[in-house]
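Following: one structure in structure tokens, then a few remarks.
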Amino acid sequence: MRSPTLAKTSVGKESSLLCDDVTEAIGNVPIVRLNRLHHLCQTHNLYLKLESCLPSGSIKDKNAAYLVKDAEKNGFITPGSTIVESSSGNFGIALATVGAARGYQVIIVVDAKTPFPTRRMLQAYGAKLVDVPLEAADTHGSMQIARMQKAQELASQIPGAWYPCQHTNPRNTDVHEILTAREIEMAFGGAPDAIAIGVSTAGQLAGISRYFREKYPQTRLIAVDIAGSTIFGTPPHAYKMTGLGLSFVPPNFEDKMLDIAYTVSDRLAFSVCHALARQEGLLLGGSTGAIVAAALADASRYQTPQQMLLLNPDRGDRYLETIYNPTWLEAQGIELFSSSQIVAAIAALNPVIVRGLSDNSQ
Ligand SMILES: Cc1ncc(COP(=O)(O)O)c(C=O)c1O
């Protein structure tokens with residue numbers, strides 16, 4: 001029988017199968033090899049770490065558990081307090097889960113891009129939704145700044161409210177250094193050749209990079225964003241992806257955290273999502289399509305077999321009305337690529353940032 005003390009876990013401590021509440025169910029998730037999606041899966045070992053298996057369906061469960069417990073420790077919140085955040089989905093859902101389990105009111109500021117199932121999930125957990133109007137969009141259609149301003153405004157109006165602000169909070173990176181990086185190390189008995197990470201707030205990239213740069217500097221860190229986002233300094237334009245991308249460079253992002261960066265179009269990302277469902281049995285979120293496409297483009301630069309770890313941030317079910325809905329795709333003017341077109345599009349994908357890697361592809 002398991003020792004009762006093992007059930008007493010918290011972020012950063014020994015993991016257990018017995019959890020005191022949902023915030024402790026953020027440990028190891030399955031890591032699944034990709035086999036059939038692309039011929040490069042025969043030469044290289046691409047492993048997808050399914051953070052989508054966490055309780056609320058995304059990697060943001062880790063951030064929410066860590067930040068809320070940290071806020072409790074620092075006295076920023078006590079049961080009954082209100083948590084306000086701006087989120088297009090995952091972090092909002094994760095906070096709503098934690099709020100339900102630990103007795104906080106949760107208000108999530110969303111916008112017109114927030115998928116319908118995400119809204120329903122937030123409401124099912126008891127969160128209140130506040131919409132920013134379409135007129136608040138910037139010239140490229142982004143409502144991120146407007147959402148953050150609204151969250152700040154609400155937090156200042158509601159007595160005792162706390163706004164974690166995932167986009168600027170330096171502690172938003174910590175849980176990935178404490179947990180995610182070590183989980184990868186444990187799975188590989190050391191370090192893989194490369195890790196592919198989607199970027200928005202840069203929480204994952206910053207935390208994982210801190211750990212691997214220190215302990216395994218030879219591991220190639222591949223950063224992935226949606227085309228149209230400004231994080232890597234590429235030209236801004238509108239995009240349909242949620243999860244990836246920002247209309248500003250988040251303070252937790254620095255170029256030196258990555259070795260190589262790719263931006264991927266909505267069309268290629270969503271096409272790879274469909275291929276993952278049909279050829280690998282994995283129904284995952286839009287950013288995963290971009291991350292897999294970029295990792296394959298990166299793998300194609302190497303003749304020697306690469307061990308690659310790809311971080312899957314979320315599940316696909318919250319995108320059933322968008323990415324997996326043919327009517328929605330048609331309305332957006334997005335025609336999915338065929339398998340051979342996916343291969344061609346990945347072959348044509350060039351990095352947008354390459355740092356100190358010019359002589360190690362072989
Ligand atoms: C689906 C999805 N993918 C990728 C990311 C990027 O993660 P991070 O904020 O750690 O940069 C997010 C962040 O919200 C996300 O929701």
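Within each chain, counting starts at residue 1; across the structure tokens, chains are named A, B, ... in the order shown, with ligands numbered 1 upward in that order.
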From the DSSP assignment of the backbone, select every residue of stretch 116-350 of chain A that is alpha helix (DSSP H), and format the answer as a PyMOL selection string.
chain A and resi 116-124+144-157+174-175+181-188+203-215+266-280+286-299+326-331+339-347
DSSP strand (DSSP E or B) residues within stretch 140-220 of chain A, as JSON, numbers by chain
{"A": [162, 194, 195, 196, 197, 198, 220]}
Please dump the current selection as a PDB file, in the first residue's frame; keep C-alpha atoms.
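What landed in result-v5.pdb:
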ATOM      1  CA  TRP A 162      -6.061  39.214  -8.286  1.00  0.00           C
ATOM      2  CA  ALA A 194      15.766  18.792 -29.809  1.00  0.00           C
ATOM      3  CA  ILE A 195      12.645  20.119 -28.114  1.00  0.00           C
ATOM      4  CA  ALA A 196       9.900  21.891 -30.123  1.00  0.00           C
ATOM      5  CA  ILE A 197       7.843  24.417 -28.159  1.00  0.00           C
ATOM      6  CA  GLY A 198       4.914  26.653 -29.147  1.00  0.00           C
ATOM      7  CA  ARG A 220      18.357  22.295 -29.781  1.00  0.00           C
TER       8      ARG A 220
END
Contacts to ligand 1 at 10 Å cut-off (only C-alpha atoms and all ligand atoms) as a PDB file with C-alpha atoms, in the first residue's frame:
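Contents of out_13.pdb, as written:
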ATOM      1  CA  SER A  52      -3.502  17.623 -23.347  1.00  0.00           C
ATOM      2  CA  GLY A  57      -7.114  19.400 -21.362  1.00  0.00           C
ATOM      3  CA  SER A  58      -4.079  21.666 -21.594  1.00  0.00           C
ATOM      4  CA  ILE A  59      -0.581  22.375 -20.335  1.00  0.00           C
ATOM      5  CA  LYS A  60      -1.961  25.512 -18.664  1.00  0.00           C
ATOM      6  CA  ASN A  63       0.655  27.307 -14.785  1.00  0.00           C
ATOM      7  CA  SER A  87      -7.264  34.294 -22.052  1.00  0.00           C
ATOM      8  CA  SER A  88      -8.333  32.997 -25.437  1.00  0.00           C
ATOM      9  CA  GLY A  89      -8.997  29.661 -23.784  1.00  0.00           C
ATOM     10  CA  ASN A  90      -6.608  27.333 -22.076  1.00  0.00           C
ATOM     11  CA  PHE A  91      -5.271  29.369 -19.182  1.00  0.00           C
ATOM     12  CA  GLY A  92      -8.807  30.602 -18.534  1.00  0.00           C
ATOM     13  CA  GLN A 166       0.101  35.266 -17.687  1.00  0.00           C
ATOM     14  CA  HIS A 167       1.454  37.538 -20.433  1.00  0.00           C
ATOM     15  CA  ASN A 172       4.493  32.063 -15.339  1.00  0.00           C
ATOM     16  CA  THR A 173       7.700  30.399 -16.553  1.00  0.00           C
ATOM     17  CA  HIS A 176       8.016  24.494 -16.742  1.00  0.00           C
ATOM     18  CA  ILE A 197       7.843  24.417 -28.159  1.00  0.00           C
ATOM     19  CA  GLY A 198       4.914  26.653 -29.147  1.00  0.00           C
ATOM     20  CA  VAL A 199       5.222  30.284 -28.091  1.00  0.00           C
ATOM     21  CA  SER A 200       2.708  32.836 -26.909  1.00  0.00           C
ATOM     22  CA  THR A 201       3.410  34.103 -23.384  1.00  0.00           C
ATOM     23  CA  ALA A 202       6.778  32.237 -23.681  1.00  0.00           C
ATOM     24  CA  GLY A 203       6.115  30.541 -20.339  1.00  0.00           C
ATOM     25  CA  GLN A 204       7.044  27.100 -21.658  1.00  0.00           C
ATOM     26  CA  LEU A 205       9.984  28.296 -23.737  1.00  0.00           C
ATOM     27  CA  ALA A 206      11.518  30.384 -20.926  1.00  0.00           C
ATOM     28  CA  GLY A 207      11.157  27.710 -18.224  1.00  0.00           C
ATOM     29  CA  ILE A 208      12.368  24.803 -20.347  1.00  0.00           C
ATOM     30  CA  ALA A 223      10.469  27.766 -30.991  1.00  0.00           C
ATOM     31  CA  VAL A 224       7.258  27.805 -33.022  1.00  0.00           C
ATOM     32  CA  ASP A 225       4.750  30.577 -33.615  1.00  0.00           C
ATOM     33  CA  ILE A 226       1.869  31.290 -35.953  1.00  0.00           C
ATOM     34  CA  MET A 241      -5.017  30.350 -34.722  1.00  0.00           C
ATOM     35  CA  THR A 242      -5.721  30.723 -31.024  1.00  0.00           C
ATOM     36  CA  GLY A 243      -3.174  29.690 -28.414  1.00  0.00           C
ATOM     37  CA  LEU A 244      -0.069  30.708 -30.351  1.00  0.00           C
ATOM     38  CA  GLY A 245       1.010  34.220 -31.186  1.00  0.00           C
ATOM     39  CA  LEU A 246       0.778  37.714 -29.765  1.00  0.00           C
ATOM     40  CA  PRO A 250       6.061  39.195 -24.168  1.00  0.00           C
ATOM     41  CA  ASN A 252       9.345  36.564 -20.729  1.00  0.00           C
ATOM     42  CA  PHE A 253      10.651  36.028 -24.281  1.00  0.00           C
ATOM     43  CA  LEU A 284      -5.221  17.863 -30.818  1.00  0.00           C
ATOM     44  CA  GLY A 285      -5.328  21.644 -30.806  1.00  0.00           C
ATOM     45  CA  GLY A 286      -4.252  23.992 -33.596  1.00  0.00           C
ATOM     46  CA  SER A 287      -0.886  24.923 -32.124  1.00  0.00           C
ATOM     47  CA  THR A 288       0.128  21.252 -32.129  1.00  0.00           C
ATOM     48  CA  GLY A 289      -0.243  21.200 -35.926  1.00  0.00           C
ATOM     49  CA  ALA A 290       2.188  24.127 -36.155  1.00  0.00           C
ATOM     50  CA  ILE A 291       4.625  22.561 -33.670  1.00  0.00           C
ATOM     51  CA  LEU A 311       5.201  19.621 -26.591  1.00  0.00           C
ATOM     52  CA  ASN A 312       1.492  19.191 -27.344  1.00  0.00           C
ATOM     53  CA  PRO A 313      -0.270  22.026 -25.474  1.00  0.00           C
ATOM     54  CA  ASP A 314      -3.956  21.081 -25.745  1.00  0.00           C
ATOM     55  CA  ARG A 315      -6.739  18.706 -26.875  1.00  0.00           C
ATOM     56  CA  GLY A 316      -8.658  19.005 -30.120  1.00  0.00           C
TER      57      GLY A 316
END
Just to confirm, what's the straight-line distance from atom CA of A:Gly189 to atom CA of A:Arg210 in Å (one decimal)?
18.4 Å
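Near stretch 111-123 of chain A, within a cut-off of 8 Å and counting only C-alpha atoms, sit the residues Ser88, Gly89, Gly92, Ile93, Ala96, Val109, Tyr125, Gly126, Ala127, Lys128, Leu129, Asp131, Val132, Pro133, Leu134, Met143, Arg147, Lys240, Thr242, Arg318, Tyr319, Leu320, Glu321 and Thr322 of chain A, with same-chain residues fewer than 2 positions away left out.
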